[in-house]
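Novice: I have a structure here, written as structure tokens, and I will follow up with some questions on it.
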Amino acid sequence: MNPRPKILLIEDDAGIAAALKKDLQTEGYEVAVAARGDEGNARAQNEPWDVVITDLKMPGLSGLDLVAQLHAARPKLPIIMMTAFGTTETAIEATKLGAYDYLLKPFDMGEMLDAVAKAVASGRLMSEPLDMGEVRTAQSAIIGNGRSMQAIYKEIGRVAATTVTVLIRGETGTGKELVARALYQHSGRAAHPFIAVNCAAIPETLLESELFGHERGSFTGAHARRIGRFEQANRGTIFLDEIGDLNLSTQVKLLRVLQEKYIQRVGGNEKVPVDVRVLAATHRDLETAIRERQFREDLFYRLSAVTITLPPLSERTEDIPQLVRYSLLRAAAEMDVPAPAIQPEAVAFFQSQVWPGNVRELENVVRQSLLLARGFPVNTDHVQQAYARTRKPVATPNQTIAGYLNDLLARAQYGELVGARSQMIEEMERELFTRAIQLAQGNQAKAARWLGVTRTTMREKLVHFGQHPAAVDPGEA
Ligand SMILES: Nc1ncnc2c1ncn2[C@@H]1O[C@H](COP(=O)(O)OP(=O)(O)OP(=O)(O)O)[C@@H](O)[C@H]1O
Ligand SMILES: [Mg+2]
């Protein structure tokens, strides 16, 4: 289902083009090169691409005109612009004309690969069609015909066409991002950009600049003006994922943007009007965060004009058979194998288990079962084995990091484990938090300071890893 992303590189310098092409190919992209602006523009408009990377100065058509024309013709196709150092104003112009990102030459390849990966993901979010309620093909869909999901579809239908802010809540893996995409695709803004920002994935110090942009010289490292995601999403939709992780100072700024409908870049005074529909999501308990003064109550009310709360999988077990069949179709398409049958007893096993990771966890076990079945119908043995394996920890006490990584990678290589990275993070975090709290002799504030996390995070992690007094003895909490 995920064929290799296709990239069109428009660059007249044959040396740069060849080097970039080679690195992008190594990374798994399919790359075509156009040496002229006009030729590049024609190809970009008439062939399917995931991302277009363009130079600024080229024969035939300038990069800026190209961005303007291409963005008007194919507004959902992400364009990355490269410009030589010193032409920052042009880069800003390009972003305003609709370029997704820009890089100043000389850039390092890591930066470029990062930008491309983000652009591919963003483009796919915008363009992959989304079905609701039923399995037709292996493409993205929101699955579930039970009563609780029916209510969600109605809710989506009711608010999609409005510009009201929507807060999407629910445990991890319940489909919050899917709902955000559905709201966007069914809105009057579907022809304009959808920009997703994961607030938890961006370091606190950079988040404001990511959202609102910054002026040159506003902080160390701000060599040039930068247009933030809000400005980029103008006339479109911005999806603020993991909003519960926003720090207090950024919360204040966000509240102001929602109220006044303009942004101010970091270090700047200019009030830039923005017309952006805001969708937000979080798995956190915001009411508790408000009580602990980690989240502003006024912002909460502003965001939650409409709230859609996704039910955990345990509250919609009637949807599990359909989800299993759908995940099987998708997993088979991803691995490029025909989708096998699945025995009814195996489906029943899925229905009988608990799924703290909700649909995401169920998808992992389905994928794993498919591997174990090796083309034969999936039976209960496969599923039980898959279920056990995806839960079995890799880490053992006193193991060296190198040994641990070897084991982890070996198991990933032989298909015994899906999501090696998230498993590693989980296991390393467990060790880190457990040791820190022991070393701090139970003093959570101290341990939180050492690890550079908030006290809320500290507590959540300890509960998660079963190290919190409240989790050990719930009767006393
Ligand atoms: N109702 C559903 N129908 C089909 N697939 C679903 C559904 N809900 C979730 N999924 C799938 O489960 C996975 C996780 O969904 P998603 O990323 O939307 O969860 P989330 O609520 O944003 O989780 P997190 O809080 O961890 O970010 C995705 O692969 C998604 O396609
Ligand atoms: Mg999510």
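Convention: chains lettered A, B, ... in structure tokens order; per-chain residue numbering from 1; ligands numbered from 1 as shown.
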Please write out the residues within 9 Å of ligand 2 as a list in words, counting only C-alpha atoms and all ligand atoms.

Specialist: Thr172, Gly173, Thr174, Gly175, Lys176, Glu177, Leu178, Asn198, Asp241, Glu242, Ala281, Thr282 and His283 of chain A

Novice: Considering only C-alpha atoms, return as an MDAnalysis selection string whatever protein or nucleic-acid residues lie within 12 Å of A:Thr454, sequence-local ones (same chain, fewer than 5 positions apart) excluded.

Specialist: chainID A and resid 204 245:248 289 292:294 444:449 459:461

Novice: Just to be explicit: take each residue in the selection above, keep N, CA and C atoms, and write the result as a PDB file, in the first residue's frame.

Specialist:
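Wrote out.pdb, looks like this:
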ATOM      1  N   GLU A 204      10.492  21.836  23.449  1.00  0.00           N
ATOM      2  CA  GLU A 204       9.755  22.997  23.952  1.00  0.00           C
ATOM      3  C   GLU A 204      10.289  24.315  23.419  1.00  0.00           C
ATOM      4  N   ASP A 245       0.587  18.440  25.744  1.00  0.00           N
ATOM      5  CA  ASP A 245       2.014  18.566  26.008  1.00  0.00           C
ATOM      6  C   ASP A 245       2.547  19.969  25.773  1.00  0.00           C
ATOM      7  N   LEU A 246       1.661  20.886  25.412  1.00  0.00           N
ATOM      8  CA  LEU A 246       2.074  22.263  25.158  1.00  0.00           C
ATOM      9  C   LEU A 246       2.486  22.931  26.467  1.00  0.00           C
ATOM     10  N   ASN A 247       3.610  23.653  26.484  1.00  0.00           N
ATOM     11  CA  ASN A 247       3.980  24.315  27.733  1.00  0.00           C
ATOM     12  C   ASN A 247       3.144  25.580  27.951  1.00  0.00           C
ATOM     13  N   LEU A 248       3.209  26.105  29.170  1.00  0.00           N
ATOM     14  CA  LEU A 248       2.282  27.174  29.530  1.00  0.00           C
ATOM     15  C   LEU A 248       2.475  28.443  28.699  1.00  0.00           C
ATOM     16  N   ALA A 289      -4.831  18.005  34.474  1.00  0.00           N
ATOM     17  CA  ALA A 289      -3.760  18.950  34.135  1.00  0.00           C
ATOM     18  C   ALA A 289      -4.164  20.367  34.534  1.00  0.00           C
ATOM     19  N   GLU A 292      -3.816  20.798  38.208  1.00  0.00           N
ATOM     20  CA  GLU A 292      -2.408  20.901  38.622  1.00  0.00           C
ATOM     21  C   GLU A 292      -1.706  22.086  37.972  1.00  0.00           C
ATOM     22  N   ARG A 293      -2.457  22.943  37.352  1.00  0.00           N
ATOM     23  CA  ARG A 293      -1.950  24.157  36.715  1.00  0.00           C
ATOM     24  C   ARG A 293      -0.914  23.872  35.635  1.00  0.00           C
ATOM     25  N   GLN A 294      -1.104  22.774  34.949  1.00  0.00           N
ATOM     26  CA  GLN A 294      -0.233  22.460  33.813  1.00  0.00           C
ATOM     27  C   GLN A 294      -0.913  22.858  32.506  1.00  0.00           C
ATOM     28  N   GLN A 444       9.564  12.488  43.713  1.00  0.00           N
ATOM     29  CA  GLN A 444       9.213  12.622  42.295  1.00  0.00           C
ATOM     30  C   GLN A 444       9.685  13.931  41.687  1.00  0.00           C
ATOM     31  N   ALA A 445       9.609  15.000  42.484  1.00  0.00           N
ATOM     32  CA  ALA A 445      10.008  16.305  41.950  1.00  0.00           C
ATOM     33  C   ALA A 445      11.488  16.274  41.577  1.00  0.00           C
ATOM     34  N   LYS A 446      12.276  15.657  42.451  1.00  0.00           N
ATOM     35  CA  LYS A 446      13.712  15.569  42.218  1.00  0.00           C
ATOM     36  C   LYS A 446      13.998  14.744  40.957  1.00  0.00           C
ATOM     37  N   ALA A 447      13.385  13.579  40.895  1.00  0.00           N
ATOM     38  CA  ALA A 447      13.609  12.697  39.747  1.00  0.00           C
ATOM     39  C   ALA A 447      13.183  13.389  38.455  1.00  0.00           C
ATOM     40  N   ALA A 448      12.067  14.107  38.501  1.00  0.00           N
ATOM     41  CA  ALA A 448      11.570  14.802  37.305  1.00  0.00           C
ATOM     42  C   ALA A 448      12.599  15.834  36.850  1.00  0.00           C
ATOM     43  N   ARG A 449      13.175  16.552  37.829  1.00  0.00           N
ATOM     44  CA  ARG A 449      14.168  17.561  37.489  1.00  0.00           C
ATOM     45  C   ARG A 449      15.372  16.914  36.816  1.00  0.00           C
ATOM     46  N   ARG A 459       4.807  11.486  36.967  1.00  0.00           N
ATOM     47  CA  ARG A 459       3.789  10.667  37.609  1.00  0.00           C
ATOM     48  C   ARG A 459       3.131   9.701  36.626  1.00  0.00           C
ATOM     49  N   GLU A 460       2.815  10.228  35.436  1.00  0.00           N
ATOM     50  CA  GLU A 460       2.183   9.369  34.427  1.00  0.00           C
ATOM     51  C   GLU A 460       3.054   8.163  34.090  1.00  0.00           C
ATOM     52  N   LYS A 461       4.352   8.425  33.937  1.00  0.00           N
ATOM     53  CA  LYS A 461       5.262   7.335  33.583  1.00  0.00           C
ATOM     54  C   LYS A 461       5.351   6.311  34.719  1.00  0.00           C
TER      55      LYS A 461
END

Novice: Counting only C-alpha atoms, figure out which residue out of A:Gly157, A:Gly221, A:Gly15, A:Pro75 gets nearest to A:Ala191.

Specialist: A:Pro75

Novice: Within 12 Å of A:Val306, counting only C-alpha atoms, which residues show up once you throw out same-chain ones fewer than 2 positions away? Write them as a PDB file with N, CA, C and O atoms, in the first residue's frame, please.

Specialist:
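Listed below is the output, result13.pdb:
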ATOM      1  N   GLU A 155     -21.297  12.848  14.636  1.00  0.00           N
ATOM      2  CA  GLU A 155     -20.632  14.023  15.180  1.00  0.00           C
ATOM      3  C   GLU A 155     -19.710  14.651  14.131  1.00  0.00           C
ATOM      4  O   GLU A 155     -19.699  15.864  13.939  1.00  0.00           O
ATOM      5  N   ILE A 156     -18.957  13.798  13.445  1.00  0.00           N
ATOM      6  CA  ILE A 156     -18.051  14.296  12.407  1.00  0.00           C
ATOM      7  C   ILE A 156     -18.861  15.026  11.337  1.00  0.00           C
ATOM      8  O   ILE A 156     -18.538  16.136  10.925  1.00  0.00           O
ATOM      9  N   ARG A 158     -21.694  16.410  11.614  1.00  0.00           N
ATOM     10  CA  ARG A 158     -22.337  17.619  12.127  1.00  0.00           C
ATOM     11  C   ARG A 158     -21.373  18.811  12.130  1.00  0.00           C
ATOM     12  O   ARG A 158     -21.760  19.933  11.847  1.00  0.00           O
ATOM     13  N   VAL A 159     -20.106  18.569  12.461  1.00  0.00           N
ATOM     14  CA  VAL A 159     -19.197  19.709  12.613  1.00  0.00           C
ATOM     15  C   VAL A 159     -18.182  19.879  11.488  1.00  0.00           C
ATOM     16  O   VAL A 159     -17.524  20.907  11.414  1.00  0.00           O
ATOM     17  N   ALA A 160     -18.079  18.871  10.613  1.00  0.00           N
ATOM     18  CA  ALA A 160     -17.008  18.924   9.608  1.00  0.00           C
ATOM     19  C   ALA A 160     -17.083  20.198   8.775  1.00  0.00           C
ATOM     20  O   ALA A 160     -16.073  20.857   8.535  1.00  0.00           O
ATOM     21  N   THR A 162     -18.337  23.073   9.392  1.00  0.00           N
ATOM     22  CA  THR A 162     -18.216  24.355  10.087  1.00  0.00           C
ATOM     23  C   THR A 162     -16.735  24.679  10.272  1.00  0.00           C
ATOM     24  O   THR A 162     -15.869  23.898   9.908  1.00  0.00           O
ATOM     25  N   THR A 163     -16.458  25.839  10.846  1.00  0.00           N
ATOM     26  CA  THR A 163     -15.052  26.160  11.091  1.00  0.00           C
ATOM     27  C   THR A 163     -14.749  26.100  12.582  1.00  0.00           C
ATOM     28  O   THR A 163     -13.719  26.570  13.042  1.00  0.00           O
ATOM     29  N   VAL A 164     -15.670  25.491  13.330  1.00  0.00           N
ATOM     30  CA  VAL A 164     -15.520  25.451  14.772  1.00  0.00           C
ATOM     31  C   VAL A 164     -14.285  24.617  15.170  1.00  0.00           C
ATOM     32  O   VAL A 164     -13.888  23.695  14.462  1.00  0.00           O
ATOM     33  N   THR A 165     -13.659  25.005  16.267  1.00  0.00           N
ATOM     34  CA  THR A 165     -12.518  24.266  16.793  1.00  0.00           C
ATOM     35  C   THR A 165     -13.004  22.954  17.404  1.00  0.00           C
ATOM     36  O   THR A 165     -14.010  22.939  18.102  1.00  0.00           O
ATOM     37  N   VAL A 166     -12.303  21.883  17.122  1.00  0.00           N
ATOM     38  CA  VAL A 166     -12.728  20.594  17.656  1.00  0.00           C
ATOM     39  C   VAL A 166     -11.589  19.980  18.461  1.00  0.00           C
ATOM     40  O   VAL A 166     -10.450  19.956  18.012  1.00  0.00           O
ATOM     41  N   LEU A 167     -11.922  19.517  19.657  1.00  0.00           N
ATOM     42  CA  LEU A 167     -10.950  18.807  20.477  1.00  0.00           C
ATOM     43  C   LEU A 167     -11.274  17.313  20.398  1.00  0.00           C
ATOM     44  O   LEU A 167     -12.398  16.905  20.682  1.00  0.00           O
ATOM     45  N   ILE A 168     -10.294  16.536  19.977  1.00  0.00           N
ATOM     46  CA  ILE A 168     -10.507  15.096  19.820  1.00  0.00           C
ATOM     47  C   ILE A 168      -9.802  14.389  20.967  1.00  0.00           C
ATOM     48  O   ILE A 168      -8.593  14.549  21.150  1.00  0.00           O
ATOM     49  N   ARG A 169     -10.566  13.649  21.740  1.00  0.00           N
ATOM     50  CA  ARG A 169      -9.992  12.993  22.907  1.00  0.00           C
ATOM     51  C   ARG A 169     -10.131  11.488  22.800  1.00  0.00           C
ATOM     52  O   ARG A 169     -10.963  10.979  22.073  1.00  0.00           O
ATOM     53  N   VAL A 278      -8.748  25.201  13.548  1.00  0.00           N
ATOM     54  CA  VAL A 278      -7.892  24.455  14.460  1.00  0.00           C
ATOM     55  C   VAL A 278      -8.576  23.165  14.929  1.00  0.00           C
ATOM     56  O   VAL A 278      -9.706  23.181  15.394  1.00  0.00           O
ATOM     57  N   LEU A 279      -7.861  22.063  14.758  1.00  0.00           N
ATOM     58  CA  LEU A 279      -8.280  20.793  15.346  1.00  0.00           C
ATOM     59  C   LEU A 279      -7.186  20.404  16.335  1.00  0.00           C
ATOM     60  O   LEU A 279      -6.014  20.638  16.066  1.00  0.00           O
ATOM     61  N   ALA A 280      -7.571  19.856  17.465  1.00  0.00           N
ATOM     62  CA  ALA A 280      -6.558  19.477  18.448  1.00  0.00           C
ATOM     63  C   ALA A 280      -6.883  18.086  18.971  1.00  0.00           C
ATOM     64  O   ALA A 280      -8.036  17.666  18.954  1.00  0.00           O
ATOM     65  N   ALA A 281      -5.857  17.376  19.426  1.00  0.00           N
ATOM     66  CA  ALA A 281      -6.089  16.058  19.995  1.00  0.00           C
ATOM     67  C   ALA A 281      -5.187  15.837  21.191  1.00  0.00           C
ATOM     68  O   ALA A 281      -4.104  16.420  21.279  1.00  0.00           O
ATOM     69  N   PHE A 300      -8.504  25.558  27.428  1.00  0.00           N
ATOM     70  CA  PHE A 300      -9.301  24.335  27.340  1.00  0.00           C
ATOM     71  C   PHE A 300     -10.714  24.647  26.833  1.00  0.00           C
ATOM     72  O   PHE A 300     -11.217  23.996  25.920  1.00  0.00           O
ATOM     73  N   TYR A 301     -11.346  25.679  27.424  1.00  0.00           N
ATOM     74  CA  TYR A 301     -12.707  25.994  26.992  1.00  0.00           C
ATOM     75  C   TYR A 301     -12.745  26.488  25.552  1.00  0.00           C
ATOM     76  O   TYR A 301     -13.651  26.177  24.803  1.00  0.00           O
ATOM     77  N   ARG A 302     -11.729  27.227  25.192  1.00  0.00           N
ATOM     78  CA  ARG A 302     -11.655  27.745  23.829  1.00  0.00           C
ATOM     79  C   ARG A 302     -11.524  26.595  22.818  1.00  0.00           C
ATOM     80  O   ARG A 302     -12.114  26.609  21.751  1.00  0.00           O
ATOM     81  N   LEU A 303     -10.728  25.598  23.183  1.00  0.00           N
ATOM     82  CA  LEU A 303     -10.467  24.484  22.257  1.00  0.00           C
ATOM     83  C   LEU A 303     -11.627  23.516  22.179  1.00  0.00           C
ATOM     84  O   LEU A 303     -11.858  22.873  21.159  1.00  0.00           O
ATOM     85  N   SER A 304     -12.333  23.407  23.288  1.00  0.00           N
ATOM     86  CA  SER A 304     -13.281  22.305  23.354  1.00  0.00           C
ATOM     87  C   SER A 304     -14.713  22.740  23.065  1.00  0.00           C
ATOM     88  O   SER A 304     -15.650  22.171  23.599  1.00  0.00           O
ATOM     89  N   ILE A 308     -14.940  15.611  20.572  1.00  0.00           N
ATOM     90  CA  ILE A 308     -15.286  14.263  20.111  1.00  0.00           C
ATOM     91  C   ILE A 308     -14.434  13.306  20.924  1.00  0.00           C
ATOM     92  O   ILE A 308     -13.209  13.403  20.912  1.00  0.00           O
ATOM     93  N   THR A 309     -15.083  12.424  21.671  1.00  0.00           N
ATOM     94  CA  THR A 309     -14.320  11.495  22.503  1.00  0.00           C
ATOM     95  C   THR A 309     -14.428  10.089  21.932  1.00  0.00           C
ATOM     96  O   THR A 309     -15.520   9.537  21.822  1.00  0.00           O
TER      97      THR A 309
END

Novice: Need to verify the contact set: A:Ile425, 12 Å, only C-alpha atoms, exclusion of same-chain residues closer than 3 positions in sequence. Can you return it as an NGL selection string?

Specialist: :A and (393-395 or 405 or 408 or 419-422 or 428-433)

Novice: Measure the distance from atom CA of A:Asn398 to atom CA of A:Ala412 in Å and round it to one decimal.

Specialist: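 Going from atom CA of A:Asn398 over to atom CA of A:Ala412 covers 21.5 Å.
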
Novice: So, with only C-alpha atoms and all ligand atoms as the atoms that count, which of A:Gln232, A:Gln259, A:Gln343, A:Gln322 lies closest to ligand 1?

Specialist: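 Result for the nearest residue to ligand 1: A:Gln322.
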
Novice: Can you tell me how far atom CA of A:Val266 sits from atom CA of A:Val252, in Å to one decimal?

Specialist: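 Rounded to one decimal, the two atoms are 13.3 Å apart.
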
Novice: Excluding same-chain residues fewer than 6 positions from A:Val365, what lies within 8 Å of it counting only C-alpha atoms, as a VMD selection string?

Specialist: chain A and resid 383 386 to 387 390

Novice: Please, could you write that set of residues out with all heavy atoms as a short mmCIF file (atom, residue, chain, number, x, y, z; two decimals), in the first residue's frame?

Specialist:
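Output file again05.cif follows:
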data_model
loop_
_atom_site.label_atom_id
_atom_site.label_comp_id
_atom_site.auth_asym_id
_atom_site.auth_seq_id
_atom_site.Cartn_x
_atom_site.Cartn_y
_atom_site.Cartn_z
N VAL A 383 -2.43 -16.36 16.22
CA VAL A 383 -2.80 -15.13 16.92
C VAL A 383 -2.29 -15.15 18.36
O VAL A 383 -1.75 -14.16 18.85
CB VAL A 383 -4.33 -14.93 16.89
CG1 VAL A 383 -4.71 -13.66 17.63
CG2 VAL A 383 -4.83 -14.86 15.45
N ALA A 386 1.39 -14.55 18.32
CA ALA A 386 1.66 -13.15 17.97
C ALA A 386 1.39 -12.25 19.16
O ALA A 386 2.17 -11.35 19.47
CB ALA A 386 0.79 -12.72 16.78
N TYR A 387 0.29 -12.53 19.84
CA TYR A 387 -0.10 -11.73 20.99
C TYR A 387 0.97 -11.81 22.07
O TYR A 387 1.40 -10.81 22.63
CB TYR A 387 -1.44 -12.24 21.51
CG TYR A 387 -2.05 -11.40 22.59
CD1 TYR A 387 -2.71 -10.21 22.29
CD2 TYR A 387 -2.00 -11.81 23.92
CE1 TYR A 387 -3.29 -9.44 23.28
CE2 TYR A 387 -2.58 -11.05 24.92
CZ TYR A 387 -3.22 -9.87 24.61
OH TYR A 387 -3.80 -9.11 25.59
N THR A 390 4.36 -10.01 20.90
CA THR A 390 4.42 -8.55 20.88
C THR A 390 4.42 -7.99 22.29
O THR A 390 4.69 -6.83 22.50
CB THR A 390 3.26 -7.91 20.10
OG1 THR A 390 2.05 -8.43 20.63
CG2 THR A 390 3.33 -8.20 18.62
#

Novice: Can you check which residues of stretch 8-250 of chain A DSSP gives as alpha helix (DSSP H) on the backbone and send them as a PyMOL selection string?

Specialist: chain A and resi 14-26+37-46+63-73+88-97+109-127+147-160+176-185+204-212+229-232+248-250

Novice: Which neighbours of A:Val337 fall inside 12 Å, counting only C-alpha atoms, when residues of the same chain fewer than 2 positions from it are skipped, and could you give them as a PyMOL selection string?

Specialist: chain A and resi 1+328-335+339-340+367+370-371+373-376

Novice: Closest to A:Tyr102 among A:Asn234, A:Ala32, A:Val359, A:Ile79, using only C-alpha atoms?

Specialist: A:Ile79

Novice: Considering only C-alpha atoms and all ligand atoms, state which residue in the set A:Ile152, A:Ile202, A:Met109, A:Val33 is at the smallest distance from ligand 1.

Specialist: A:Ile152

Novice: Mind checking which residues fall within 9 Å of stretch 51-65 of chain A, counting only C-alpha atoms, ignoring those fewer than 3 positions away in the same chain, and posting them as a PyMOL selection string?

Specialist: chain A and resi 5-13+35-41+44+68-70+77-84+90-91+93-94+97+116+119-120+123

Novice: In Å, rounded to a single decimal, give me how far atom CA of A:Ile320 is from atom CA of A:Thr380.

Specialist: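 Computing it gives 15.1 Å between the two atoms.
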